[in-house]
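Asker: Take a look at upload_6.tsv, TSV, C-alpha atoms:
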chain	number	residue	atom	x	y	z
A	1365	MET	CA	60.03	301.26	122.92
A	1366	VAL	CA	60.04	302.30	126.59
A	1367	PRO	CA	57.03	300.74	128.36
A	1368	VAL	CA	54.44	302.76	130.23
A	1369	ARG	CA	54.13	302.00	133.94
A	1370	LEU	CA	50.54	301.94	135.16
A	1371	ARG	CA	49.33	302.24	138.74
A	1372	ILE	CA	46.22	300.19	139.50
A	1373	ASP	CA	44.25	300.72	142.72
A	1374	LEU	CA	41.92	297.87	143.60
A	1375	GLY	CA	40.04	296.05	146.32
A	1376	TYR	CA	39.03	292.44	146.83
A	1377	ASP	CA	37.18	290.05	149.08
A	1378	GLY	CA	39.84	287.52	150.03
A	1379	THR	CA	37.42	284.77	151.03
A	1380	GLY	CA	37.63	282.88	147.76
A	1381	PHE	CA	41.36	283.37	147.15
A	1382	HIS	CA	44.48	281.53	148.28
A	1383	GLY	CA	46.13	284.86	149.03
A	1384	TRP	CA	47.64	287.41	146.69
A	1385	ALA	CA	50.64	285.65	145.18
A	1386	VAL	CA	50.38	283.30	142.21
A	1387	GLN	CA	50.37	279.61	143.13
A	1388	PRO	CA	50.08	276.70	140.70
A	1389	ALA	CA	46.51	275.37	140.30
A	1390	LEU	CA	45.15	277.72	142.99
A	1391	ARG	CA	42.92	280.79	142.66
A	1392	THR	CA	44.86	283.89	143.72
A	1393	VAL	CA	44.28	287.62	143.35
A	1394	GLN	CA	47.49	288.16	141.41
A	1395	GLY	CA	46.75	285.31	139.05
A	1396	THR	CA	43.21	286.55	138.46
A	1397	LEU	CA	44.32	290.14	137.78
A	1398	GLU	CA	47.19	289.10	135.51
A	1399	ALA	CA	44.92	286.84	133.46
A	1400	ALA	CA	42.42	289.69	132.99
A	1401	LEU	CA	45.17	292.10	131.94
A	1402	ALA	CA	46.69	289.60	129.51
A	1403	ARG	CA	43.29	289.06	127.94
A	1404	LEU	CA	42.60	292.76	127.45
A	1405	LEU	CA	46.13	293.65	126.38
A	1406	ARG	CA	46.28	290.63	124.07
A	1407	ALA	CA	49.57	289.56	125.62
A	1408	GLU	CA	50.83	286.05	126.37
A	1409	SER	CA	51.55	287.02	129.95
A	1410	VAL	CA	51.51	290.09	132.17
A	1411	ALA	CA	53.38	290.53	135.45
A	1412	VAL	CA	52.17	292.86	138.20
A	1413	ALA	CA	53.80	293.90	141.48
A	1414	CYS	CA	51.77	294.83	144.56
A	1415	ALA	CA	52.28	297.03	147.61
A	1416	GLY	CA	51.70	294.19	150.07
A	1417	ARG	CA	51.07	290.47	149.60
A	1418	THR	CA	47.99	289.46	151.56
A	1419	ASP	CA	47.56	285.96	152.98
A	1420	THR	CA	44.80	283.49	152.20
A	1421	GLY	CA	41.47	284.92	153.34
A	1422	VAL	CA	42.73	288.47	153.96
A	1423	HIS	CA	40.80	291.28	152.25
A	1424	ALA	CA	41.84	294.61	150.72
A	1425	ARG	CA	40.15	297.94	150.11
A	1426	GLY	CA	43.30	299.83	149.16
A	1427	GLN	CA	45.71	297.48	147.41
A	1428	VAL	CA	48.06	299.12	144.88
A	1429	VAL	CA	49.87	297.41	142.00
A	1430	HIS	CA	51.99	298.46	139.05
A	1431	VAL	CA	52.34	296.91	135.62
A	1432	ASP	CA	54.52	297.85	132.65
A	1433	VAL	CA	52.86	297.83	129.21
A	1434	SER	CA	53.70	299.19	125.80
A	1435	GLU	CA	51.86	302.28	124.57
A	1436	ASP	CA	50.51	300.31	121.60
A	1437	LEU	CA	49.02	297.60	123.82
A	1438	LEU	CA	47.52	300.19	126.14
A	1439	ALA	CA	45.92	302.03	123.23
A	1440	SER	CA	44.55	298.80	121.76
A	1441	ALA	CA	43.03	297.84	125.12
A	1442	ALA	CA	40.79	300.91	124.90
A	1443	GLY	CA	39.12	299.50	121.79
A	1444	ARG	CA	36.69	302.00	120.26
A	1445	SER	CA	36.03	303.78	123.52
A	1446	PRO	CA	36.35	307.59	123.34
A	1447	ALA	CA	37.64	307.57	126.92
A	1448	ALA	CA	41.31	307.89	127.79
A	1449	PRO	CA	43.09	304.51	127.48
A	1450	VAL	CA	43.63	304.19	131.23
A	1451	ASP	CA	39.96	304.90	131.98
A	1452	ALA	CA	38.85	302.47	129.30
A	1453	LEU	CA	41.18	299.82	130.69
A	1454	ALA	CA	39.73	300.27	134.19
A	1455	ARG	CA	36.20	299.89	132.87
A	1456	ARG	CA	37.05	296.86	130.76
A	1457	LEU	CA	38.95	295.20	133.61
A	1458	ASN	CA	35.87	295.39	135.82
A	1459	GLY	CA	33.93	293.88	132.95
A	1460	VAL	CA	36.06	290.73	132.87
A	1461	LEU	CA	37.16	290.41	136.52
A	1462	PRO	CA	35.03	288.37	138.92
A	1463	PRO	CA	32.84	290.37	141.32
A	1464	ASP	CA	35.13	289.73	144.30
A	1465	VAL	CA	37.83	291.91	142.67
A	1466	ARG	CA	37.16	295.53	141.71
A	1467	VAL	CA	39.52	298.03	140.11
A	1468	HIS	CA	39.04	301.54	141.50
A	1469	ARG	CA	41.44	303.39	139.24
A	1470	VAL	CA	44.07	302.98	136.53
A	1471	ALA	CA	46.56	305.81	135.98
A	1472	VAL	CA	49.94	306.39	134.37
A	1473	ALA	CA	52.37	306.17	137.29
A	1474	ALA	CA	54.68	309.03	138.17
A	1475	PRO	CA	58.37	308.55	137.25
A	1476	GLY	CA	60.16	306.31	139.76
A	1477	PHE	CA	56.96	304.76	141.10
A	1478	ASP	CA	57.16	301.20	142.41
A	1479	ALA	CA	54.02	299.85	144.09
A	1480	ARG	CA	56.03	297.88	146.64
A	1481	PHE	CA	59.29	299.72	147.22
A	1482	SER	CA	58.04	303.31	146.91
A	1483	ALA	CA	55.46	302.80	149.67
A	1484	LEU	CA	56.05	304.62	152.95
A	1485	TRP	CA	53.50	302.62	154.93
A	1486	ARG	CA	50.65	300.14	154.81
A	1487	ARG	CA	47.57	300.43	157.02
A	1488	TYR	CA	45.49	297.44	158.05
A	1489	ALA	CA	42.35	297.09	160.16
A	1490	TYR	CA	41.34	294.03	162.18
A	1491	ARG	CA	37.64	293.86	163.10
A	1492	ILE	CA	36.19	291.90	166.01
A	1493	ALA	CA	32.62	291.47	167.28
A	1494	ASP	CA	33.18	290.79	170.99
A	1495	ASP	CA	29.55	290.57	172.09
A	1496	VAL	CA	26.77	288.30	170.87
A	1497	SER	CA	24.64	291.37	170.10
A	1498	LEU	CA	27.33	292.54	167.64
A	1499	VAL	CA	27.69	289.32	165.67
A	1500	ASP	CA	26.10	289.90	162.27
A	1501	PRO	CA	25.83	286.86	159.95
A	1502	LEU	CA	26.00	289.24	156.98
A	1503	THR	CA	29.53	290.33	157.93
A	1504	ARG	CA	30.82	286.96	159.17
A	1505	GLY	CA	33.37	286.85	156.33
A	1506	HIS	CA	34.99	290.14	157.40
A	1507	VAL	CA	34.56	290.37	161.18
A	1508	LEU	CA	35.87	287.87	163.75
A	1509	ALA	CA	33.26	286.76	166.28
A	1510	TRP	CA	34.83	286.64	169.74
A	1511	PRO	CA	33.09	285.05	172.74
A	1512	ARG	CA	34.36	287.42	175.45
A	1513	ARG	CA	34.20	291.19	175.91
A	1514	LEU	CA	37.56	292.89	175.35
A	1515	ASP	CA	39.08	295.65	177.48
A	1516	LEU	CA	40.28	298.19	174.90
A	1517	GLU	CA	41.91	300.37	177.54
A	1518	ALA	CA	44.21	297.51	178.54
A	1519	MET	CA	44.90	296.66	174.90
A	1520	SER	CA	45.78	300.28	174.14
A	1521	ALA	CA	48.18	300.38	177.10
A	1522	ALA	CA	49.80	297.15	175.91
A	1523	SER	CA	50.17	298.50	172.37
A	1524	THR	CA	52.43	301.41	173.36
A	1525	GLY	CA	55.39	299.11	174.00
A	1526	LEU	CA	55.21	297.73	170.48
A	1527	VAL	CA	55.26	301.00	168.54
A	1528	GLY	CA	58.58	301.98	166.98
A	1529	GLU	CA	61.33	300.24	165.04
A	1530	HIS	CA	61.96	296.76	166.41
A	1531	ASP	CA	62.87	293.26	165.37
A	1532	PHE	CA	59.42	291.64	165.25
A	1533	ALA	CA	60.75	288.06	164.98
A	1534	ALA	CA	58.49	287.06	167.88
A	1535	PHE	CA	55.44	287.97	165.80
A	1536	CYS	CA	56.52	286.81	162.34
A	1537	LYS	CA	56.73	283.61	160.41
A	1538	LYS	CA	60.39	283.58	159.42
A	1539	ARG	CA	61.38	283.45	155.76
A	1540	ALA	CA	64.89	282.58	154.61
A	1541	GLY	CA	66.97	285.65	153.85
A	1542	ALA	CA	64.26	288.10	154.94
A	1543	THR	CA	64.57	290.62	157.75
A	1544	THR	CA	61.97	290.89	160.51
A	1545	VAL	CA	62.92	294.48	161.42
A	1546	ARG	CA	59.97	296.79	160.91
A	1547	ALA	CA	58.88	300.29	161.97
A	1548	LEU	CA	55.44	300.06	163.58
A	1549	LEU	CA	54.02	303.57	163.24
A	1550	ASP	CA	50.59	303.25	164.86
A	1551	LEU	CA	48.68	300.60	166.79
A	1552	SER	CA	45.32	301.73	168.14
A	1553	TRP	CA	42.02	300.29	169.38
A	1554	SER	CA	38.54	301.77	169.10
A	1555	ARG	CA	34.89	300.85	168.64
A	1556	ASP	CA	33.01	301.66	165.45
A	1557	ALA	CA	29.46	302.99	165.20
A	1558	SER	CA	28.02	299.52	165.78
A	1559	GLY	CA	30.13	298.96	168.90
A	1560	GLY	CA	32.49	296.49	167.26
A	1561	VAL	CA	36.23	296.49	167.92
A	1562	VAL	CA	38.58	297.91	165.28
A	1563	GLY	CA	42.33	297.51	165.60
A	1564	GLY	CA	44.24	299.96	163.39
A	1565	VAL	CA	47.81	298.94	162.51
A	1566	ARG	CA	50.19	301.02	160.36
A	1567	ALA	CA	53.83	300.20	159.59
A	1568	ASP	CA	56.41	300.82	156.91
A	1569	ALA	CA	56.02	297.13	156.03
A	1570	PHE	CA	54.84	293.88	157.60
A	1571	CYS	CA	56.33	290.41	157.71
A	1572	HIS	CA	54.36	287.18	157.32
A	1573	HIS	CA	51.55	286.80	159.92
A	1574	MET	CA	52.76	289.89	161.82
A	1575	VAL	CA	49.44	291.75	162.13
A	1576	ARG	CA	47.42	288.67	163.07
A	1577	ALA	CA	50.01	287.66	165.69
A	1578	LEU	CA	50.12	291.18	167.16
A	1579	VAL	CA	46.34	291.29	167.40
A	1580	GLY	CA	46.23	287.80	168.91
A	1581	CYS	CA	48.74	288.86	171.57
A	1582	LEU	CA	46.78	291.99	172.43
A	1583	VAL	CA	43.45	290.14	172.55
A	1584	ALA	CA	44.98	287.95	175.28
A	1585	VAL	CA	45.55	291.17	177.25
A	1586	GLY	CA	42.06	292.42	176.41
A	1587	GLU	CA	40.45	289.40	178.05
A	1588	ALA	CA	42.80	289.59	181.09
A	1589	ARG	CA	44.80	286.44	180.37
A	1590	HIS	CA	47.98	288.54	180.47
A	1591	GLU	CA	49.06	291.89	181.88
A	1592	PRO	CA	49.58	294.90	179.56
A	1593	ALA	CA	53.37	294.56	179.91
A	1594	TRP	CA	53.37	291.06	178.39
A	1595	PRO	CA	53.37	291.94	174.64
A	1596	ALA	CA	56.51	294.08	175.06
A	1597	GLU	CA	58.15	291.16	176.90
A	1598	VAL	CA	57.28	288.83	174.03
A	1599	LEU	CA	58.74	291.34	171.55
A	1600	GLU	CA	61.95	291.63	173.58
A	1601	SER	CA	62.35	287.85	173.75
A	1602	GLY	CA	62.70	287.64	169.96
A	1603	ALA	CA	61.09	284.19	169.91
A	1604	ARG	CA	57.61	282.92	169.16
A	1605	ASP	CA	55.60	282.48	172.37
A	1606	PRO	CA	53.08	279.62	172.55
A	1607	GLY	CA	50.72	282.01	174.32
A	1608	VAL	CA	50.44	284.18	171.19
A	1609	THR	CA	47.61	283.05	168.92
A	1610	VAL	CA	47.71	284.02	165.25
A	1611	LEU	CA	44.11	285.11	164.72
A	1612	PRO	CA	42.08	283.98	161.66
A	1613	PRO	CA	42.67	285.93	158.43
A	1614	HIS	CA	39.10	286.95	157.64
A	1615	GLY	CA	39.02	289.79	160.19
A	1616	LEU	CA	41.94	291.54	158.48
A	1617	THR	CA	41.72	294.12	155.68
A	1618	LEU	CA	44.44	296.12	153.91
A	1619	GLU	CA	42.88	299.57	154.02
A	1620	GLU	CA	45.42	301.96	152.53
A	1621	VAL	CA	48.97	302.36	151.24
A	1622	GLY	CA	50.83	305.65	151.63
A	1623	TYR	CA	53.40	307.05	149.18
A	1624	PRO	CA	55.71	310.08	149.24
A	1625	PRO	CA	55.40	313.02	146.82
A	1626	ALA	CA	56.20	312.20	143.20
A	1627	ASP	CA	59.69	313.72	143.39
A	1628	ASP	CA	60.65	311.32	146.20
A	1629	LEU	CA	59.30	308.05	144.75
A	1630	ALA	CA	62.54	306.80	143.21
A	1631	ALA	CA	64.66	307.64	146.27
A	1632	ARG	CA	62.19	305.90	148.56
A	1633	ALA	CA	62.27	302.78	146.36
A	1634	GLN	CA	66.06	302.71	146.51
A	1635	THR	CA	66.07	303.03	150.31
A	1636	ALA	CA	63.39	300.36	150.80
A	1637	ARG	CA	65.39	297.79	148.83
A	1638	ARG	CA	68.10	297.72	151.48
A	1639	VAL	CA	67.88	294.84	153.95
A	1640	ARG	CA	67.54	296.31	157.42
A	1641	ALA	CA	69.00	295.18	160.71
A	1642	MET	CA	68.72	296.63	164.20
A	1643	PRO	CA	71.72	298.81	165.15
A	1644	ARG	CA	74.20	297.25	167.59
A	1645	GLY	CA	75.21	298.64	170.92
Just give me the structure of the file as structure tokens.

Answerer:
Amino acid sequence: MVPVRLRIDLGYDGTGFHGWAVQPALRTVQGTLEAALARLLRAESVAVACAGRTDTGVHARGQVVHVDVSEDLLASAAGRSPAAPVDALARRLNGVLPPDVRVHRVAVAAPGFDARFSALWRRYAYRIADDVSLVDPLTRGHVLAWPRRLDLEAMSAASTGLVGEHDFAAFCKKRAGATTVRALLDLSWSRDASGGVVGGVRADAFCHHMVRALVGCLVAVGEARHEPAWPAEVLESGARDPGVTVLPPHGLTLEEVGYPPADDLAARAQTARRVRAMPRG
């Protein structure tokens, strides 16, 4: 029997998790979600794939995963509920998941959908309270308290040299066999209604520690420790710079994942599986 692929949209508070990916003897988002699904589907094990693996302490409002299940198991997960099986599964998942993980929606995925490889882009936000009047103890787990006022105009000027397709090796923790070429689509700085700093970062994909290193580099410009041209110089060097601080994870949230129209999902997944390199010459 051909399995049914489900798309699950969810959010989580990353404070109590050792990141997304399953790790032996550690509490992770993937492990928690897979255990809940296995329980409800009455399966020995269930494997999910996500749009973007978040690090320890990083949060998500708009994470997307897919999972393949048989029609029989999906129907049985609904129990006696008169609701559609996917709606019943969403409700029952929230009944067994801990409160720091919430499922927003479960739906039958369109043909060709892959949560990771079909994605066109991921959008993150990094939040900073850069004035003592902005530091709220109730949001300390999601907003970085910073002791000095930041110049967003200088940070915005510095960000322009980073946008585009580049090798971001200078801002990534290298992994064997993995490329560090990425297309950075947007990098912007603003203040929210409270006056706090919000860095918006959108790319086709991110490598390990990339967002936190980019933000750390730009914060150094925002407090006048470096000129706006410096981040582009670090990027061009292709090597980690000791002046670039990887900021703490708790200020970072995965906000949204973008996908193409249904007819283009399979083609996008095929393209995204190719290992990229910067063109020569």

Asker: Could you make a table, as a tab-separated table, of the residues of region 1441-1507 of chain A that have an atom within 8 Å of an atom of region 1420-1434 of chain A, each with its nearest atom pair and distance in Å to one decimal, counting only C-alpha atoms, in chain and number order?

Answerer:
residue	atom	partner	partner_atom	distance
A:Ala1473	CA	A:His1430	CA	7.9
A:Asp1478	CA	A:His1430	CA	6.7
A:Ala1479	CA	A:Val1429	CA	5.2
A:Arg1480	CA	A:Val1429	CA	7.7
A:His1506	CA	A:His1423	CA	7.8

Asker: What is the distance between CA of Ala1448 (chain A) and CA of Thr1392 (chain A), in Å to one decimal?

Answerer: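 Separating CA of Ala1448 (chain A) from CA of Thr1392 (chain A) is a distance of 29.0 Å.
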
Asker: Quick one: everything within 10 Å of Pro1511 (chain A), counting all atoms listed in the file, minus sequence neighbours fewer than 5 positions away in the same chain. Send it as an NGL selection string.

Answerer: :A and (1493-1496 or 1499)

Asker: For Arg1456 (chain A), list every protein, DNA or RNA residue within 12 Å, evaluated using all atoms listed in the file, and leave out those in the same chain fewer than 5 positions away; present the list as a PyMOL selection string.

Answerer: chain A and resi 1400-1401+1403-1405+1438+1440-1445+1447+1449-1451+1461-1462+1466-1470

Asker: Could you make a table, as a tab-separated table, of the residues of region 1525-1574 of chain A that have an atom within 12 Å of an atom of region 1617-1638 of chain A, each with its nearest atom pair and distance in Å to one decimal, counting only C-alpha atoms, in chain and number order?

Answerer:
residue	atom	partner	partner_atom	distance
A:Ala1542	CA	A:Arg1638	CA	10.9
A:Thr1543	CA	A:Arg1638	CA	10.1
A:Val1545	CA	A:Arg1638	CA	11.7
A:Arg1546	CA	A:Ala1636	CA	11.3
A:Val1562	CA	A:Thr1617	CA	10.8
A:Gly1563	CA	A:Thr1617	CA	10.5
A:Gly1564	CA	A:Glu1619	CA	9.5
A:Val1565	CA	A:Leu1618	CA	9.7
A:Arg1566	CA	A:Glu1620	CA	9.2
A:Ala1567	CA	A:Val1621	CA	9.9
A:Asp1568	CA	A:Gly1622	CA	9.1
A:Ala1569	CA	A:Ala1636	CA	9.6
A:Phe1570	CA	A:Leu1618	CA	11.3

Asker: As a PyMOL selection string, please: the residues near region 1515-1524 of chain A (cut-off 10 Å, all atoms listed in the file, same-chain neighbours under 3 positions excluded).

Answerer: chain A and resi 1512+1527-1528+1550-1555+1561-1563+1578-1579+1581-1588+1590-1596

Asker: Write out, as a PDB file, in the frame of the given file, the residues just selected, with C-alpha atoms.

Answerer:
ATOM      1  CA  ARG A1512      34.360 287.420 175.450  1.00  0.00           C
ATOM      2  CA  VAL A1527      55.260 301.000 168.540  1.00  0.00           C
ATOM      3  CA  GLY A1528      58.580 301.980 166.980  1.00  0.00           C
ATOM      4  CA  ASP A1550      50.590 303.250 164.860  1.00  0.00           C
ATOM      5  CA  LEU A1551      48.680 300.600 166.790  1.00  0.00           C
ATOM      6  CA  SER A1552      45.320 301.730 168.140  1.00  0.00           C
ATOM      7  CA  TRP A1553      42.020 300.290 169.380  1.00  0.00           C
ATOM      8  CA  SER A1554      38.540 301.770 169.100  1.00  0.00           C
ATOM      9  CA  ARG A1555      34.890 300.850 168.640  1.00  0.00           C
ATOM     10  CA  VAL A1561      36.230 296.490 167.920  1.00  0.00           C
ATOM     11  CA  VAL A1562      38.580 297.910 165.280  1.00  0.00           C
ATOM     12  CA  GLY A1563      42.330 297.510 165.600  1.00  0.00           C
ATOM     13  CA  LEU A1578      50.120 291.180 167.160  1.00  0.00           C
ATOM     14  CA  VAL A1579      46.340 291.290 167.400  1.00  0.00           C
ATOM     15  CA  CYS A1581      48.740 288.860 171.570  1.00  0.00           C
ATOM     16  CA  LEU A1582      46.780 291.990 172.430  1.00  0.00           C
ATOM     17  CA  VAL A1583      43.450 290.140 172.550  1.00  0.00           C
ATOM     18  CA  ALA A1584      44.980 287.950 175.280  1.00  0.00           C
ATOM     19  CA  VAL A1585      45.550 291.170 177.250  1.00  0.00           C
ATOM     20  CA  GLY A1586      42.060 292.420 176.410  1.00  0.00           C
ATOM     21  CA  GLU A1587      40.450 289.400 178.050  1.00  0.00           C
ATOM     22  CA  ALA A1588      42.800 289.590 181.090  1.00  0.00           C
ATOM     23  CA  HIS A1590      47.980 288.540 180.470  1.00  0.00           C
ATOM     24  CA  GLU A1591      49.060 291.890 181.880  1.00  0.00           C
ATOM     25  CA  PRO A1592      49.580 294.900 179.560  1.00  0.00           C
ATOM     26  CA  ALA A1593      53.370 294.560 179.910  1.00  0.00           C
ATOM     27  CA  TRP A1594      53.370 291.060 178.390  1.00  0.00           C
ATOM     28  CA  PRO A1595      53.370 291.940 174.640  1.00  0.00           C
ATOM     29  CA  ALA A1596      56.510 294.080 175.060  1.00  0.00           C
TER      30      ALA A1596
END

Asker: Quick one: residues within 12 Å of Glu1600 (chain A), only C-alpha atoms, excluding same-chain residues fewer than 6 positions away - as a PyMOL selection string?

Answerer: chain A and resi 1525-1526+1530-1535+1593-1594

Asker: Keeping only C-alpha atoms, write the selected residues as a JSON list (two decimals), in the frame of the given file.

Answerer:
[["chain", "number", "residue", "atom", "x", "y", "z"],
["A", 1525, "GLY", "CA", 55.39, 299.11, 174.00],
["A", 1526, "LEU", "CA", 55.21, 297.73, 170.48],
["A", 1530, "HIS", "CA", 61.96, 296.76, 166.41],
["A", 1531, "ASP", "CA", 62.87, 293.26, 165.37],
["A", 1532, "PHE", "CA", 59.42, 291.64, 165.25],
["A", 1533, "ALA", "CA", 60.75, 288.06, 164.98],
["A", 1534, "ALA", "CA", 58.49, 287.06, 167.88],
["A", 1535, "PHE", "CA", 55.44, 287.97, 165.80],
["A", 1593, "ALA", "CA", 53.37, 294.56, 179.91],
["A", 1594, "TRP", "CA", 53.37, 291.06, 178.39]]

Asker: Taking into account only C-alpha atoms, which residue in the set A:Ala1577, A:Ala1509, A:Ala1415, A:Ala1489 is nearest to Gly1607 (chain A)?

Answerer: A:Ala1577

Asker: Find the smallest box with edges along x, y and z containing every listed atom of region 1591-1610 of chain A, then add 4 Å on each side and report centre and edge lengths in Å to one decimal, as lines of an AutoDock Vina configuration file.

Answerer:
center_x = 55.2
center_y = 287.3
center_z = 173.6
size_x = 23.1
size_y = 23.3
size_z = 24.6

Asker: Kindly give the distance, in Å, that separates CA of Arg1604 (chain A) and CA of Val1575 (chain A), rounded to a single decimal.

Answerer: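 Going from CA of Arg1604 (chain A) over to CA of Val1575 (chain A) covers 13.9 Å.
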
Asker: When you draw a straight line from CA of Cys1571 (chain A) to CA of Arg1513 (chain A), how long is it in Å?

Answerer: 28.7 Å
